[in-house]
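Source file: work-v5.cif; contents: mmCIF, C-alpha atoms.
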```cif
data_structure
#
loop_
_atom_site.label_atom_id
_atom_site.label_comp_id
_atom_site.auth_asym_id
_atom_site.auth_seq_id
_atom_site.Cartn_x
_atom_site.Cartn_y
_atom_site.Cartn_z
CA MET C 1 2.18 -2.79 32.19
CA ASP C 2 2.54 -6.48 33.03
CA THR C 3 5.21 -8.76 31.60
CA GLU C 4 2.83 -10.54 29.22
CA ALA C 5 1.66 -7.24 27.73
CA ARG C 6 5.27 -6.27 27.03
CA LEU C 7 5.98 -9.62 25.35
CA LEU C 8 2.97 -9.90 23.04
CA PRO C 9 1.12 -7.63 20.62
CA ALA C 10 -2.32 -6.66 21.87
CA LEU C 11 -5.46 -7.70 20.04
CA PRO C 12 -7.32 -4.79 18.39
CA GLY C 13 -9.99 -3.33 20.64
CA THR C 14 -12.40 -2.05 17.98
CA PRO C 15 -16.06 -3.12 18.08
CA VAL C 16 -15.66 -5.17 14.89
CA ALA C 17 -12.55 -6.91 16.25
CA ARG C 18 -14.39 -7.82 19.43
CA ALA C 19 -17.31 -9.05 17.33
CA ALA C 20 -14.94 -11.22 15.28
CA VAL C 21 -13.63 -12.90 18.41
CA GLU C 22 -17.18 -13.39 19.69
CA LEU C 23 -18.12 -14.95 16.34
CA VAL C 24 -15.33 -17.52 16.38
CA ARG C 25 -15.93 -18.27 20.05
CA SER C 26 -19.61 -18.88 19.31
CA CYS C 27 -19.21 -21.24 16.34
CA GLU C 28 -15.78 -22.85 16.74
CA SER C 29 -14.45 -25.16 19.44
CA GLU C 30 -12.20 -23.59 22.04
CA PRO C 31 -9.00 -25.23 20.68
CA VAL C 32 -9.68 -23.94 17.14
CA ALA C 33 -10.71 -20.46 18.31
CA ASN C 34 -7.54 -20.23 20.42
CA HIS C 35 -5.51 -21.36 17.39
CA SER C 36 -7.03 -18.60 15.28
CA ILE C 37 -6.19 -15.92 17.84
CA ARG C 38 -2.65 -17.22 18.41
CA SER C 39 -2.13 -17.24 14.64
CA TYR C 40 -2.72 -13.49 14.56
CA VAL C 41 -0.29 -12.85 17.40
CA PHE C 42 2.37 -14.98 15.70
CA ALA C 43 1.74 -13.17 12.40
CA ALA C 44 2.16 -9.81 14.13
CA LEU C 45 5.38 -11.00 15.81
CA LEU C 46 6.66 -12.23 12.45
CA ALA C 47 5.90 -8.88 10.82
CA GLU C 48 7.86 -7.12 13.56
CA HIS C 49 10.72 -9.60 13.22
CA GLU C 50 10.91 -9.04 9.46
CA GLY C 51 10.67 -5.25 9.72
CA LEU C 52 7.24 -5.04 8.08
CA LYS C 53 5.41 -1.92 9.24
CA PRO C 54 1.67 -1.85 9.94
CA GLY C 55 0.01 0.94 8.00
CA ILE C 56 2.86 0.96 5.49
CA ASP C 57 3.56 -2.61 4.44
CA PHE C 58 0.25 -4.16 5.53
CA ASP C 59 -3.05 -3.36 7.17
CA ALA C 60 -2.88 -4.68 10.75
CA GLU C 61 -6.66 -4.73 11.13
CA LEU C 62 -7.10 -6.85 8.02
CA LEU C 63 -4.35 -9.18 9.22
CA PHE C 64 -6.26 -9.65 12.47
CA HIS C 65 -9.46 -10.54 10.63
CA ALA C 66 -7.74 -12.85 8.13
CA CYS C 67 -6.11 -14.82 10.94
CA VAL C 68 -8.93 -14.84 13.47
CA LEU C 69 -11.63 -15.75 10.93
CA HIS C 70 -9.59 -18.19 8.85
CA ASP C 71 -11.16 -21.43 10.17
CA LEU C 72 -14.82 -20.42 10.07
CA GLY C 73 -15.24 -22.80 7.14
CA ALA C 74 -14.41 -25.77 9.36
CA SER C 75 -17.16 -24.88 11.83
CA PRO C 76 -20.68 -26.37 11.88
CA SER C 77 -21.93 -22.99 10.59
CA ALA C 78 -20.29 -23.58 7.20
CA PRO C 79 -22.52 -24.89 4.38
CA GLY C 80 -20.29 -27.87 3.54
CA GLN C 81 -20.64 -27.39 -0.21
CA ALA C 82 -17.07 -26.27 -0.98
CA ARG C 83 -13.64 -26.74 0.56
CA PHE C 84 -13.40 -25.22 4.02
CA GLU C 85 -10.89 -22.55 3.06
CA VAL C 86 -13.26 -21.07 0.47
CA GLU C 87 -16.33 -21.29 2.67
CA GLY C 88 -14.40 -19.66 5.50
CA ALA C 89 -13.31 -16.86 3.16
CA ASP C 90 -16.92 -16.34 2.09
CA MET C 91 -18.10 -16.24 5.70
CA ALA C 92 -15.39 -13.78 6.69
CA ALA C 93 -16.20 -11.51 3.76
CA ARG C 94 -19.91 -11.52 4.66
CA PHE C 95 -19.09 -10.70 8.27
CA LEU C 96 -16.91 -7.74 7.30
CA THR C 97 -19.45 -6.53 4.73
CA GLU C 98 -22.11 -6.48 7.45
CA TYR C 99 -19.84 -4.13 9.40
CA GLY C 100 -19.56 -1.75 6.45
CA TYR C 101 -16.28 -2.89 4.92
CA GLY C 102 -16.00 -2.44 1.17
CA ALA C 103 -14.48 -4.74 -1.42
CA ASP C 104 -11.11 -2.99 -1.07
CA LYS C 105 -10.86 -4.57 2.40
CA THR C 106 -12.98 -7.71 2.15
CA ASP C 107 -11.29 -8.99 -1.03
CA PRO C 108 -7.75 -9.16 0.42
CA VAL C 109 -9.08 -10.91 3.54
CA TRP C 110 -11.03 -13.35 1.35
CA GLU C 111 -7.89 -14.15 -0.66
CA ALA C 112 -5.68 -14.58 2.41
CA ILE C 113 -8.13 -17.02 3.98
CA ALA C 114 -8.91 -18.91 0.77
CA LEU C 115 -5.18 -19.41 0.12
CA HIS C 116 -4.00 -20.10 3.67
CA THR C 117 -3.35 -23.81 2.96
CA SER C 118 -1.85 -23.13 -0.50
CA ASP C 119 1.89 -23.51 -0.08
CA GLY C 120 3.85 -21.51 -2.64
CA ILE C 121 0.82 -19.48 -3.74
CA ALA C 122 -0.18 -17.49 -0.64
CA GLU C 123 3.40 -16.30 -0.26
CA ARG C 124 3.22 -14.69 -3.74
CA ARG C 125 -0.09 -12.88 -3.20
CA GLY C 126 1.12 -9.98 -1.11
CA VAL C 127 2.08 -9.28 2.46
CA LEU C 128 -1.36 -9.93 3.95
CA ALA C 129 -1.67 -13.43 2.46
CA TYR C 130 1.97 -14.15 3.32
CA LEU C 131 1.67 -13.12 6.98
CA THR C 132 -1.65 -14.92 7.37
CA ARG C 133 -0.28 -18.21 6.08
CA ARG C 134 2.95 -17.90 8.04
CA GLY C 135 1.20 -16.95 11.29
CA ILE C 136 -1.06 -19.99 11.00
CA GLY C 137 1.94 -22.17 10.21
CA VAL C 138 3.90 -20.90 13.19
CA ASP C 139 1.03 -21.87 15.46
CA ILE C 140 1.13 -25.39 14.04
CA GLY C 141 4.87 -25.42 14.74
CA PHE C 142 6.52 -24.47 11.44
CA GLY C 143 9.15 -21.71 11.32
CA THR C 144 8.97 -20.77 15.00
CA GLU C 145 12.60 -19.78 15.49
CA PHE C 146 11.91 -16.03 15.80
CA VAL C 147 9.54 -16.54 18.76
CA THR C 148 11.19 -16.45 22.18
CA ASP C 149 10.40 -19.06 24.80
CA ALA C 150 8.90 -16.34 27.00
CA GLN C 151 6.59 -15.20 24.20
CA GLY C 152 5.51 -18.75 23.47
CA GLU C 153 4.79 -19.48 27.11
CA ALA C 154 2.85 -16.24 27.60
CA LEU C 155 0.72 -16.79 24.50
CA HIS C 156 -0.05 -20.42 25.28
CA GLY C 157 -0.81 -19.51 28.88
CA ARG C 158 -3.49 -17.12 27.68
CA TYR C 159 -4.78 -19.26 24.80
CA PRO C 160 -3.97 -22.94 25.57
CA ARG C 161 -3.62 -25.49 22.78
CA LEU C 162 -6.01 -28.19 24.08
CA ASP C 163 -4.94 -30.77 21.46
CA MET C 164 -5.66 -28.23 18.73
CA ALA C 165 -4.19 -30.14 15.79
CA THR C 166 -6.42 -33.17 16.29
CA VAL C 167 -9.53 -31.10 17.02
CA LEU C 168 -8.94 -28.97 13.91
CA VAL C 169 -8.40 -32.00 11.69
CA ASP C 170 -11.56 -33.55 13.15
CA ASP C 171 -13.50 -30.42 12.21
CA VAL C 172 -12.04 -30.22 8.70
CA VAL C 173 -12.70 -33.92 8.05
CA ARG C 174 -16.28 -33.60 9.27
CA GLN C 175 -16.84 -30.67 6.90
CA ALA C 176 -15.06 -32.40 4.01
CA ALA C 177 -17.30 -35.45 4.32
CA ARG C 178 -20.45 -33.40 3.75
CA SER C 179 -20.14 -33.20 -0.05
CA PRO C 180 -17.79 -34.25 -2.88
CA GLN C 181 -16.89 -30.60 -3.44
CA ALA C 182 -15.98 -30.03 0.21
CA GLY C 183 -13.61 -33.00 0.22
CA ALA C 184 -12.33 -32.83 -3.35
CA ARG C 185 -9.24 -34.89 -4.16
CA TYR C 186 -5.84 -33.20 -3.95
CA THR C 187 -7.11 -30.43 -1.67
CA VAL C 188 -6.06 -30.20 1.97
CA PRO C 189 -9.50 -31.22 3.28
CA GLY C 190 -9.63 -34.02 0.72
CA GLU C 191 -6.23 -35.28 1.86
CA PHE C 192 -7.27 -35.12 5.51
CA LEU C 193 -10.36 -37.13 4.64
CA ARG C 194 -8.24 -39.70 2.80
CA GLU C 195 -5.66 -39.93 5.61
CA ARG C 196 -8.40 -40.44 8.18
CA GLY C 197 -9.94 -43.23 6.07
CA GLU C 198 -9.04 -45.96 8.55
CA PRO C 199 -10.30 -46.01 12.15
CA GLY C 200 -7.71 -44.46 14.45
CA ALA C 201 -5.63 -43.13 11.55
CA VAL C 202 -3.57 -40.00 12.19
CA THR C 203 -2.86 -37.34 9.57
CA ALA C 204 0.61 -36.14 8.65
CA LEU C 205 -0.30 -32.70 10.03
CA GLU C 206 -1.09 -34.13 13.45
CA VAL C 207 2.18 -36.08 13.47
CA ALA C 208 4.13 -32.96 12.49
CA ALA C 209 2.40 -30.79 15.09
CA ARG C 210 3.00 -33.28 17.89
CA ALA C 211 6.71 -33.40 17.02
CA ALA C 212 7.04 -29.62 16.68
CA ARG C 213 7.96 -27.02 19.25
CA TRP C 214 4.48 -26.37 20.69
CA GLY C 215 3.05 -29.87 20.47
CA SER C 216 -0.50 -30.61 19.38
#
```
With the file now loaded, output its structure as structure tokens.
Amino acid sequence: MDTEARLLPALPGTPVARAAVELVRSCESEPVANHSIRSYVFAALLAEHEGLKPGIDFDAELLFHACVLHDLGASPSAPGQARFEVEGADMAARFLTEYGYGADKTDPVWEAIALHTSDGIAERRGVLAYLTRRGIGVDIGFGTEFVTDAQGEALHGRYPRLDMATVLVDDVVRQAARSPQAGARYTVPGEFLRERGEPGAVTALEVAARAARWGS
């Protein structure tokens, strides 16, 4: 076993897990797809750090899908008729349904994705939604203290950042501009759209990510 394998949780090797990665690779940019995969690894590391047991406290397979599929709504494949979090949740649920998952599994993944930008709400909707939001946040650079330098270097070596924060905001803004519902006021995509209102403007998220531990 190599050093990287000892440092980081492995991705699930099931056919549906491989199909999920293929899906995000096919419809998302490389920086956003890498972000989605890293978010799962950070979520799994956080669960281990907090003593949360897969199969007892949470379903590790559903955590993988919630994290890896969470930005589908910011991709060109999304309809652009609702905020990206909701469209991504819908797309993830359809994907899992096509692979035979029932509502008992698709509904928690839908909720975790739909709420992943909802500070103070996701954390109260169970372990899956909590770990999903926190894993995504750790990849942006929030609450990273439990991750060792060696783990961070190994993960970013495998899935490089490639100016992820700016690319992701670009994608969300593009989706938010497609309809009033997609960029509704007081939502995260609506705020990104407002913050990017001037040429060359930078969002608060991009500023925070650039100043954080991993950079953009």
Nearby residues (all atoms listed in the file) at most 10 Å from range 115-132 of chain C, same-chain spacing under 6 positions excluded, as a ChimeraX atom specification: /C:39-40,42-47,52,57-60,62-68,70-71,85-86,89,108-109,187-189
Hey, which of C:Gly152, C:Ala201, C:Ala20, C:Gly190 ends up closest to Val138 in chain C? Count all atoms listed in the file. C:Gly152
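The nearest approach to Leu168 in chain C among the residues C:Gln151, C:Ser26, C:Ser77, C:Asn34, with all atoms listed in the file taken into account, belongs to C:Asn34.
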Apply the PyMOL selection byres ((chain C and resi 212) around 12) to the file shown and report the selected residues as a ChimeraX atom specification. /C:137-145,165,205-211,213-216
For the structure provided, state which residues fall under the PyMOL selection byres ((chain C and resi 106) around 10), and present them as a ChimeraX atom specification. /C:62,65-66,89-90,92-97,100-105,107-111
With all atoms listed in the file counted, which protein, DNA or RNA residues have an atom no more than 12 Å from (-25.6, -23.7, 3.3) in the file frame? Please answer as a ChimeraX atom specification. /C:73,76-82,87,90-91,175,178-179,182
Computed gap from CA of Val24 in chain C to CA of Leu162 in chain C is 16.1 Å
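Atom pair CA of Glu153 in chain C / CA of Val32 in chain C has a distance of 18.1 Å (rounded to one decimal).
Across C:Ser75, C:Ala154, C:Val173, C:Asp149, the tightest approach to Glu30 in chain C is made by C:Ser75 when counting all atoms listed in the file.
Using only C-alpha atoms, the smallest distance between any of C:Thr203, C:Gln181, C:Ser36, C:Thr14 and Pro160 in chain C comes from C:Ser36.
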Return as JSON the centre and edge lengths, in Å with one decimal, of the box along x, y and z that encloses every atom of range 66-72 of chain C in the file, padded by 4 Å per side.
```
{"center_x": -10.5, "center_y": -17.1, "center_z": 10.8, "size_x": 16.7, "size_y": 16.6, "size_z": 13.3}
```
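From CA of Val172 in chain C back to CA of Arg83 in chain C, the distance works out to 9.0 Å.
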Identify, on the basis of all atoms listed in the file, every residue whose closest approach to Tyr159 in chain C does not exceed 9 Å; exclude the query and any residue fewer than 2 positions from it along the same chain; express the result as a PyMOL selection string. chain C and resi 31+33-35+37-38+154-157+161
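In terms of minimum interatomic distance to Ala19 in chain C, C:Leu69 ranks closest within C:Leu7, C:Ala150, C:Leu69, C:Val41, counting all atoms listed in the file.
For the residues C:Ala204, C:Leu23, C:Pro9, C:Phe146, ranking by smallest atom-to-atom distance to His49 in chain C using only C-alpha atoms places C:Phe146 first.
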